[in-house]
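> For reference, this is run-v3.pdb, and it has PDB, C-alpha atoms.
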```
ATOM      1  CA  MET A   1     103.472 123.291  50.634  1.00  0.00           C
ATOM      2  CA  HIS A   2     104.248 124.711  54.033  1.00  0.00           C
ATOM      3  CA  PRO A   3     106.884 127.493  53.935  1.00  0.00           C
ATOM      4  CA  GLN A   4     109.192 125.411  56.129  1.00  0.00           C
ATOM      5  CA  GLY A   5     108.825 122.308  53.991  1.00  0.00           C
ATOM      6  CA  ARG A   6     106.578 120.355  56.419  1.00  0.00           C
ATOM      7  CA  PRO A   7     103.225 120.148  54.604  1.00  0.00           C
ATOM      8  CA  TRP A   8     101.780 117.303  56.742  1.00  0.00           C
ATOM      9  CA  VAL A   9     102.338 118.375  60.327  1.00  0.00           C
ATOM     10  CA  ILE A  10      99.845 121.196  60.914  1.00  0.00           C
ATOM     11  CA  PRO A  11      96.898 119.821  58.871  1.00  0.00           C
ATOM     12  CA  SER A  12      97.409 116.308  60.303  1.00  0.00           C
ATOM     13  CA  THR A  13      97.690 117.581  63.865  1.00  0.00           C
ATOM     14  CA  ALA A  14      94.541 119.639  63.441  1.00  0.00           C
ATOM     15  CA  MET A  15      92.726 116.614  62.023  1.00  0.00           C
ATOM     16  CA  PHE A  16      93.852 114.485  64.977  1.00  0.00           C
ATOM     17  CA  GLU A  17      92.500 117.080  67.423  1.00  0.00           C
ATOM     18  CA  LEU A  18      89.245 117.141  65.496  1.00  0.00           C
ATOM     19  CA  LEU A  19      88.936 113.369  65.716  1.00  0.00           C
ATOM     20  CA  ARG A  20      89.669 113.417  69.430  1.00  0.00           C
ATOM     21  CA  ASN A  21      87.398 116.311  70.324  1.00  0.00           C
ATOM     22  CA  THR A  22      84.421 115.248  68.241  1.00  0.00           C
ATOM     23  CA  GLY A  23      84.476 111.701  69.641  1.00  0.00           C
ATOM     24  CA  MET A  24      84.892 109.914  66.309  1.00  0.00           C
ATOM     25  CA  LYS A  25      85.865 106.287  66.306  1.00  0.00           C
ATOM     26  CA  GLN A  26      89.134 105.491  67.988  1.00  0.00           C
ATOM     27  CA  ARG A  27      90.080 103.266  65.094  1.00  0.00           C
ATOM     28  CA  LEU A  28      90.216 106.243  62.731  1.00  0.00           C
ATOM     29  CA  ALA A  29      92.410 108.094  65.192  1.00  0.00           C
ATOM     30  CA  TRP A  30      94.843 105.160  65.261  1.00  0.00           C
ATOM     31  CA  VAL A  31      94.931 105.058  61.462  1.00  0.00           C
ATOM     32  CA  LEU A  32      95.845 108.725  61.477  1.00  0.00           C
ATOM     33  CA  VAL A  33      98.624 108.051  63.984  1.00  0.00           C
ATOM     34  CA  VAL A  34     100.015 105.360  61.710  1.00  0.00           C
ATOM     35  CA  LEU A  35      99.934 107.725  58.734  1.00  0.00           C
ATOM     36  CA  LEU A  36     101.729 110.422  60.708  1.00  0.00           C
ATOM     37  CA  SER A  37     104.313 107.899  61.873  1.00  0.00           C
ATOM     38  CA  ALA A  38     104.989 106.853  58.274  1.00  0.00           C
ATOM     39  CA  ALA A  39     105.216 110.497  57.155  1.00  0.00           C
ATOM     40  CA  TRP A  40     107.745 111.256  59.893  1.00  0.00           C
ATOM     41  CA  GLY A  41     109.943 108.312  58.949  1.00  0.00           C
ATOM     42  CA  VAL A  42     109.192 106.026  61.893  1.00  0.00           C
ATOM     43  CA  PRO A  43     110.569 102.506  61.200  1.00  0.00           C
ATOM     44  CA  LEU A  44     108.093 100.054  59.707  1.00  0.00           C
ATOM     45  CA  TRP A  45     108.522  97.582  62.579  1.00  0.00           C
ATOM     46  CA  LEU A  46     107.026 100.218  64.877  1.00  0.00           C
ATOM     47  CA  VAL A  47     104.255 101.255  62.489  1.00  0.00           C
ATOM     48  CA  VAL A  48     102.901  97.722  61.882  1.00  0.00           C
ATOM     49  CA  PRO A  49     102.044  97.008  65.582  1.00  0.00           C
ATOM     50  CA  LEU A  50     100.283 100.372  65.752  1.00  0.00           C
ATOM     51  CA  ALA A  51      98.224  99.437  62.711  1.00  0.00           C
ATOM     52  CA  LEU A  52      97.193  96.150  64.321  1.00  0.00           C
ATOM     53  CA  VAL A  53      96.082  97.694  67.633  1.00  0.00           C
ATOM     54  CA  PRO A  54      92.606  98.858  66.497  1.00  0.00           C
ATOM     55  CA  PHE A  55      91.824  95.422  65.085  1.00  0.00           C
ATOM     56  CA  ALA A  56      93.193  93.426  68.029  1.00  0.00           C
ATOM     57  CA  ALA A  57      91.596  95.538  70.780  1.00  0.00           C
ATOM     58  CA  PRO A  58      87.957  94.472  70.082  1.00  0.00           C
ATOM     59  CA  ALA A  59      88.964  90.806  70.091  1.00  0.00           C
ATOM     60  CA  LEU A  60      90.807  91.218  73.400  1.00  0.00           C
ATOM     61  CA  ARG A  61      87.823  93.009  74.946  1.00  0.00           C
ATOM     62  CA  SER A  62      85.551  90.184  73.788  1.00  0.00           C
ATOM     63  CA  LEU A  63      87.835  87.580  75.378  1.00  0.00           C
ATOM     64  CA  ARG A  64      87.855  89.524  78.661  1.00  0.00           C
ATOM     65  CA  ARG A  65      84.056  89.735  78.658  1.00  0.00           C
ATOM     66  CA  ARG A  66      83.782  85.986  78.034  1.00  0.00           C
ATOM     67  CA  ALA A  67      86.231  85.280  80.865  1.00  0.00           C
ATOM     68  CA  ARG A  68      84.174  87.407  83.244  1.00  0.00           C
ATOM     69  CA  ARG A  69      80.988  85.614  82.244  1.00  0.00           C
ATOM     70  CA  ARG A  70      82.542  82.157  82.565  1.00  0.00           C
ATOM     71  CA  PRO A  71      80.855  80.448  85.541  1.00  0.00           C
ATOM     72  CA  THR A  72      83.030  79.290  88.408  1.00  0.00           C
ATOM     73  CA  VAL A  73      82.348  75.802  89.737  1.00  0.00           C
ATOM     74  CA  LEU A  74      81.464  76.143  93.406  1.00  0.00           C
ATOM     75  CA  LEU A  75      81.442  73.377  95.984  1.00  0.00           C
ATOM     76  CA  HIS A  76      78.762  73.259  98.660  1.00  0.00           C
ATOM     77  CA  GLY A  77      79.461  72.119 102.199  1.00  0.00           C
ATOM     78  CA  THR A  78      77.607  71.355 105.396  1.00  0.00           C
ATOM     79  CA  VAL A  79      78.796  71.301 108.997  1.00  0.00           C
ATOM     80  CA  GLU A  80      77.652  69.401 112.064  1.00  0.00           C
ATOM     81  CA  PRO A  81      79.041  68.722 115.535  1.00  0.00           C
ATOM     82  CA  PRO A  82      81.761  66.048 115.345  1.00  0.00           C
ATOM     83  CA  THR A  83      80.607  64.230 118.508  1.00  0.00           C
ATOM     84  CA  GLU A  84      77.594  64.144 120.802  1.00  0.00           C
ATOM     85  CA  ARG A  85      79.609  66.050 123.380  1.00  0.00           C
ATOM     86  CA  HIS A  86      79.713  69.016 120.970  1.00  0.00           C
ATOM     87  CA  ALA A  87      76.115  68.593 119.877  1.00  0.00           C
ATOM     88  CA  TYR A  88      74.793  71.648 121.680  1.00  0.00           C
ATOM     89  CA  LYS A  89      76.257  75.136 121.616  1.00  0.00           C
ATOM     90  CA  PRO A  90      74.289  78.352 122.196  1.00  0.00           C
ATOM     91  CA  PRO A  91      73.356  80.173 118.977  1.00  0.00           C
ATOM     92  CA  THR A  92      75.485  83.083 117.828  1.00  0.00           C
ATOM     93  CA  THR A  93      74.912  85.926 115.358  1.00  0.00           C
ATOM     94  CA  VAL A  94      76.215  86.938 111.949  1.00  0.00           C
ATOM     95  CA  PRO A  95      77.994  90.044 113.413  1.00  0.00           C
ATOM     96  CA  ALA A  96      79.816  87.750 115.853  1.00  0.00           C
ATOM     97  CA  LEU A  97      80.895  85.511 112.959  1.00  0.00           C
ATOM     98  CA  LEU A  98      82.118  88.541 111.019  1.00  0.00           C
ATOM     99  CA  ALA A  99      84.156  89.584 114.052  1.00  0.00           C
ATOM    100  CA  ALA A 100      85.646  86.068 114.202  1.00  0.00           C
ATOM    101  CA  LEU A 101      86.683  86.334 110.541  1.00  0.00           C
ATOM    102  CA  GLU A 102      88.382  89.672 111.184  1.00  0.00           C
ATOM    103  CA  LEU A 103      90.117  88.323 114.285  1.00  0.00           C
ATOM    104  CA  ALA A 104      91.372  85.294 112.400  1.00  0.00           C
ATOM    105  CA  GLN A 105      92.603  87.507 109.529  1.00  0.00           C
ATOM    106  CA  ALA A 106      91.255  84.922 107.122  1.00  0.00           C
ATOM    107  CA  GLY A 107      91.330  87.308 104.166  1.00  0.00           C
ATOM    108  CA  ALA A 108      89.331  90.076 102.527  1.00  0.00           C
ATOM    109  CA  VAL A 109      85.810  89.946 103.990  1.00  0.00           C
ATOM    110  CA  GLU A 110      82.769  91.227 102.112  1.00  0.00           C
ATOM    111  CA  PRO A 111      79.998  91.262 104.757  1.00  0.00           C
ATOM    112  CA  ARG A 112      76.315  90.778 104.072  1.00  0.00           C
ATOM    113  CA  ALA A 113      73.276  90.955 106.337  1.00  0.00           C
ATOM    114  CA  ASP A 114      73.015  87.167 106.369  1.00  0.00           C
ATOM    115  CA  GLY A 115      76.647  86.141 105.936  1.00  0.00           C
ATOM    116  CA  ALA A 116      79.857  87.058 104.146  1.00  0.00           C
ATOM    117  CA  ASN A 117      82.069  86.361 101.149  1.00  0.00           C
ATOM    118  CA  VAL A 118      85.752  85.826 101.929  1.00  0.00           C
ATOM    119  CA  THR A 119      88.698  85.995  99.533  1.00  0.00           C
ATOM    120  CA  LEU A 120      91.195  83.891 101.461  1.00  0.00           C
ATOM    121  CA  LYS A 121      94.843  84.808 101.906  1.00  0.00           C
ATOM    122  CA  GLU A 122      95.901  81.242 101.080  1.00  0.00           C
ATOM    123  CA  GLY A 123      93.987  81.460  97.814  1.00  0.00           C
ATOM    124  CA  GLY A 124      90.456  80.658  96.812  1.00  0.00           C
ATOM    125  CA  TRP A 125      87.105  82.031  97.795  1.00  0.00           C
ATOM    126  CA  ALA A 126      84.386  80.883 100.219  1.00  0.00           C
ATOM    127  CA  SER A 127      81.174  82.205 101.716  1.00  0.00           C
ATOM    128  CA  PHE A 128      78.587  81.408 104.340  1.00  0.00           C
ATOM    129  CA  THR A 129      74.893  82.249 104.542  1.00  0.00           C
ATOM    130  CA  ALA A 130      72.844  81.971 107.717  1.00  0.00           C
ATOM    131  CA  ALA A 131      69.162  81.105 107.521  1.00  0.00           C
ATOM    132  CA  LEU A 132      68.608  82.869 110.878  1.00  0.00           C
ATOM    133  CA  PRO A 133      71.145  85.710 111.167  1.00  0.00           C
ATOM    134  CA  GLU A 134      70.301  86.376 114.824  1.00  0.00           C
ATOM    135  CA  ARG A 135      70.341  82.718 115.899  1.00  0.00           C
ATOM    136  CA  VAL A 136      73.134  81.050 113.949  1.00  0.00           C
ATOM    137  CA  THR A 137      73.990  77.409 114.570  1.00  0.00           C
ATOM    138  CA  GLN A 138      76.009  74.958 112.530  1.00  0.00           C
ATOM    139  CA  SER A 139      72.897  73.353 111.091  1.00  0.00           C
ATOM    140  CA  THR A 140      71.533  76.695 109.805  1.00  0.00           C
ATOM    141  CA  LEU A 141      74.624  77.571 107.742  1.00  0.00           C
ATOM    142  CA  ALA A 142      74.962  77.172 103.980  1.00  0.00           C
ATOM    143  CA  LEU A 143      78.572  77.070 102.765  1.00  0.00           C
ATOM    144  CA  GLN A 144      80.052  77.333  99.306  1.00  0.00           C
ATOM    145  CA  GLY A 145      83.556  77.830  97.988  1.00  0.00           C
ATOM    146  CA  THR A 146      86.000  77.208  95.182  1.00  0.00           C
ATOM    147  CA  SER A 147      87.628  74.183  96.863  1.00  0.00           C
ATOM    148  CA  VAL A 148      87.464  71.930  99.902  1.00  0.00           C
ATOM    149  CA  ALA A 149      90.536  73.705 101.250  1.00  0.00           C
ATOM    150  CA  ALA A 150      88.846  77.107 100.947  1.00  0.00           C
ATOM    151  CA  LEU A 151      85.779  75.855 102.817  1.00  0.00           C
ATOM    152  CA  ALA A 152      87.984  74.315 105.500  1.00  0.00           C
ATOM    153  CA  LEU A 153      89.859  77.586 106.043  1.00  0.00           C
ATOM    154  CA  LEU A 154      86.560  79.466 106.310  1.00  0.00           C
ATOM    155  CA  CYS A 155      85.245  76.978 108.873  1.00  0.00           C
ATOM    156  CA  ASP A 156      88.528  77.192 110.773  1.00  0.00           C
ATOM    157  CA  ALA A 157      87.909  80.918 111.301  1.00  0.00           C
ATOM    158  CA  LEU A 158      84.225  80.429 112.154  1.00  0.00           C
ATOM    159  CA  ALA A 159      85.026  77.727 114.722  1.00  0.00           C
ATOM    160  CA  ARG A 160      85.866  80.472 117.233  1.00  0.00           C
ATOM    161  CA  GLU A 161      82.129  81.145 117.444  1.00  0.00           C
ATOM    162  CA  LEU A 162      80.528  77.936 116.208  1.00  0.00           C
ATOM    163  CA  GLY A 163      82.720  75.464 118.068  1.00  0.00           C
ATOM    164  CA  PRO A 164      84.282  72.259 116.697  1.00  0.00           C
ATOM    165  CA  MET A 165      82.591  70.938 113.580  1.00  0.00           C
ATOM    166  CA  ARG A 166      82.755  68.253 110.940  1.00  0.00           C
ATOM    167  CA  LEU A 167      82.845  69.708 107.425  1.00  0.00           C
ATOM    168  CA  ASP A 168      81.321  67.550 104.700  1.00  0.00           C
ATOM    169  CA  VAL A 169      81.899  68.443 101.042  1.00  0.00           C
ATOM    170  CA  ASP A 170      80.605  65.796  98.637  1.00  0.00           C
ATOM    171  CA  GLY A 171      81.654  63.006 100.994  1.00  0.00           C
ATOM    172  CA  VAL A 172      85.009  64.559 101.956  1.00  0.00           C
ATOM    173  CA  GLN A 173      84.879  64.974 105.738  1.00  0.00           C
ATOM    174  CA  VAL A 174      87.267  67.009 107.882  1.00  0.00           C
ATOM    175  CA  VAL A 175      86.999  67.715 111.605  1.00  0.00           C
ATOM    176  CA  ILE A 176      87.841  71.349 112.367  1.00  0.00           C
ATOM    177  CA  ASP A 177      88.196  72.902 115.820  1.00  0.00           C
ATOM    178  CA  GLY A 178      89.942  76.194 115.033  1.00  0.00           C
ATOM    179  CA  THR A 179      93.177  75.313 116.841  1.00  0.00           C
ATOM    180  CA  ARG A 180      95.331  73.605 114.205  1.00  0.00           C
ATOM    181  CA  PRO A 181      97.902  75.557 112.155  1.00  0.00           C
ATOM    182  CA  HIS A 182      96.780  76.081 108.577  1.00  0.00           C
ATOM    183  CA  GLY A 183      99.509  73.840 107.232  1.00  0.00           C
ATOM    184  CA  LEU A 184      98.262  70.890 109.283  1.00  0.00           C
ATOM    185  CA  LEU A 185      94.647  71.693 108.461  1.00  0.00           C
ATOM    186  CA  LEU A 186      95.384  71.683 104.730  1.00  0.00           C
ATOM    187  CA  ARG A 187      97.218  68.375 105.173  1.00  0.00           C
ATOM    188  CA  ASP A 188      94.078  66.971 106.832  1.00  0.00           C
ATOM    189  CA  VAL A 189      92.051  68.175 103.838  1.00  0.00           C
ATOM    190  CA  SER A 190      94.435  66.507 101.396  1.00  0.00           C
ATOM    191  CA  GLN A 191      94.319  63.223 103.317  1.00  0.00           C
ATOM    192  CA  ALA A 192      90.505  63.329 103.500  1.00  0.00           C
ATOM    193  CA  MET A 193      90.288  63.873  99.745  1.00  0.00           C
ATOM    194  CA  GLU A 194      92.646  60.952  99.091  1.00  0.00           C
ATOM    195  CA  ALA A 195      90.590  58.761 101.419  1.00  0.00           C
ATOM    196  CA  ARG A 196      87.430  59.745  99.548  1.00  0.00           C
ATOM    197  CA  VAL A 197      88.998  58.691  96.237  1.00  0.00           C
ATOM    198  CA  ARG A 198      90.156  55.350  97.654  1.00  0.00           C
ATOM    199  CA  ARG A 199      86.816  54.611  99.298  1.00  0.00           C
ATOM    200  CA  PRO A 200      85.102  51.770  97.415  1.00  0.00           C
ATOM    201  CA  PRO A 201      81.695  52.532  95.911  1.00  0.00           C
ATOM    202  CA  PRO A 202      78.666  51.154  97.777  1.00  0.00           C
ATOM    203  CA  PRO A 203      77.579  47.692  96.575  1.00  0.00           C
ATOM    204  CA  SER A 204      74.830  47.732  94.034  1.00  0.00           C
ATOM    205  CA  LYS A 205      71.532  46.332  95.204  1.00  0.00           C
ATOM    206  CA  SER A 206      70.338  43.173  93.522  1.00  0.00           C
ATOM    207  CA  PRO A 207      67.017  43.559  91.771  1.00  0.00           C
ATOM    208  CA  PRO A 208      64.055  41.885  93.479  1.00  0.00           C
ATOM    209  CA  PRO A 209      63.242  38.356  92.310  1.00  0.00           C
ATOM    210  CA  GLY A 210      61.039  38.232  89.292  1.00  0.00           C
ATOM    211  CA  LEU A 211      62.385  41.396  87.635  1.00  0.00           C
ATOM    212  CA  LEU A 212      65.057  39.600  85.616  1.00  0.00           C
ATOM    213  CA  HIS A 213      62.614  38.017  83.218  1.00  0.00           C
TER     214      HIS A 213
END
```
If you convert what's in this file into structure tokens, what do you get?

Amino acid sequence: MHPQGRPWVIPSTAMFELLRNTGMKQRLAWVLVVLLSAAWGVPLWLVVPLALVPFAAPALRSLRRRARRRPTVLLHGTVEPPTERHAYKPPTTVPALLAALELAQAGAVEPRADGANVTLKEGGWASFTAALPERVTQSTLALQGTSVAALALLCDALARELGPMRLDVDGVQVVIDGTRPHGLLLRDVSQAMEARVRRPPPPSKSPPPGLLH
């Protein structure tokens, strides 16, 4: 027994330092902490959560890894001039489109040589990729995003360089010219999505005569 009546403190502290310095498993270190807590009279309701930490941590890390690996459903969009009057506009470049995104303060921009990823301030994520980075037109852009609204906000910022456009996302069409406040633009998106839901399906074609028998 220690001369001062504390036989556990010095050996246990030295063992804890050994565990920490030699890189042994963290779980053993936590078990030692629990034992020290019990020896020092720490209430049981504090000791039990400490004992559960080493067993819960691996499960939590596994859940986080699965969440990171979980694929996000992305929507793909296309753009084209809304009228014949807007059918021709001189090509632009990817750097000019990046400058338009910064000027519009659309959100956090992650530039690439052929486009950019944008985390939008209003929420969501969208990106564009140009087939010809030095001669970008509406027809050469590939768009994808987490929602129709995200794609619309991206196009709203790009319209400074690309001109007015009609965004088409799985049949949802929105005309964007870069001049409408975001609140009105998002209202247009909502109305276009409602119209797409209400639109009746195309009539089924009747089979040619002679195929029924």
> What residues come out when you apply the PyMOL selection byres ((chain A and resi 153) around 12) to this file, written as an NGL selection string?
:A and (101 or 104-107 or 118-127 or 143-152 or 154-159 or 167 or 174-189)
> CA of Gly115 in chain A to CA of Phe128 in chain A: how many Å, to one decimal?
5.4 Å
> Distance CA of Val136 in chain A-CA of Val94 in chain A, one decimal place?
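Here the two named atoms are 6.9 Å from each other.
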> Using only C-alpha atoms, can you tell me which of A:Arg166, A:Pro90, A:Ala108, A:Glu161 comes closest to Arg135 in chain A?
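With only C-alpha atoms as the atom set, the closest residue is A:Pro90.
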> Measuring between all atoms listed in the file, which one of A:Gly163, A:Gly171, A:Pro111, A:Gly77 shows the shortest distance to Thr92 in chain A?
A:Gly163
> Have a look at CA of His86 in chain A and CA of Arg112 in chain A and let me know their distance in Å, one decimal.
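So the answer is 27.8 Å.
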> Counting all atoms listed in the file, what is within 9 Å of Thr140 in chain A, bar same-chain residues fewer than 6 positions away, as a list in words?
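Here the qualifying residues turn out to be Thr129, Ala130, Ala131 and Leu132 of chain A.
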> With distances taken over all atoms listed in the file, which residue among A:Ser139, A:Gln191, A:Thr93, A:Asn117 lies nearest Met165 in chain A?
A:Ser139
> From the list A:Thr78, A:Gln138, A:Thr83, A:Ser190, which residue is nearest Asp170 in chain A when using all atoms listed in the file?
A:Thr78
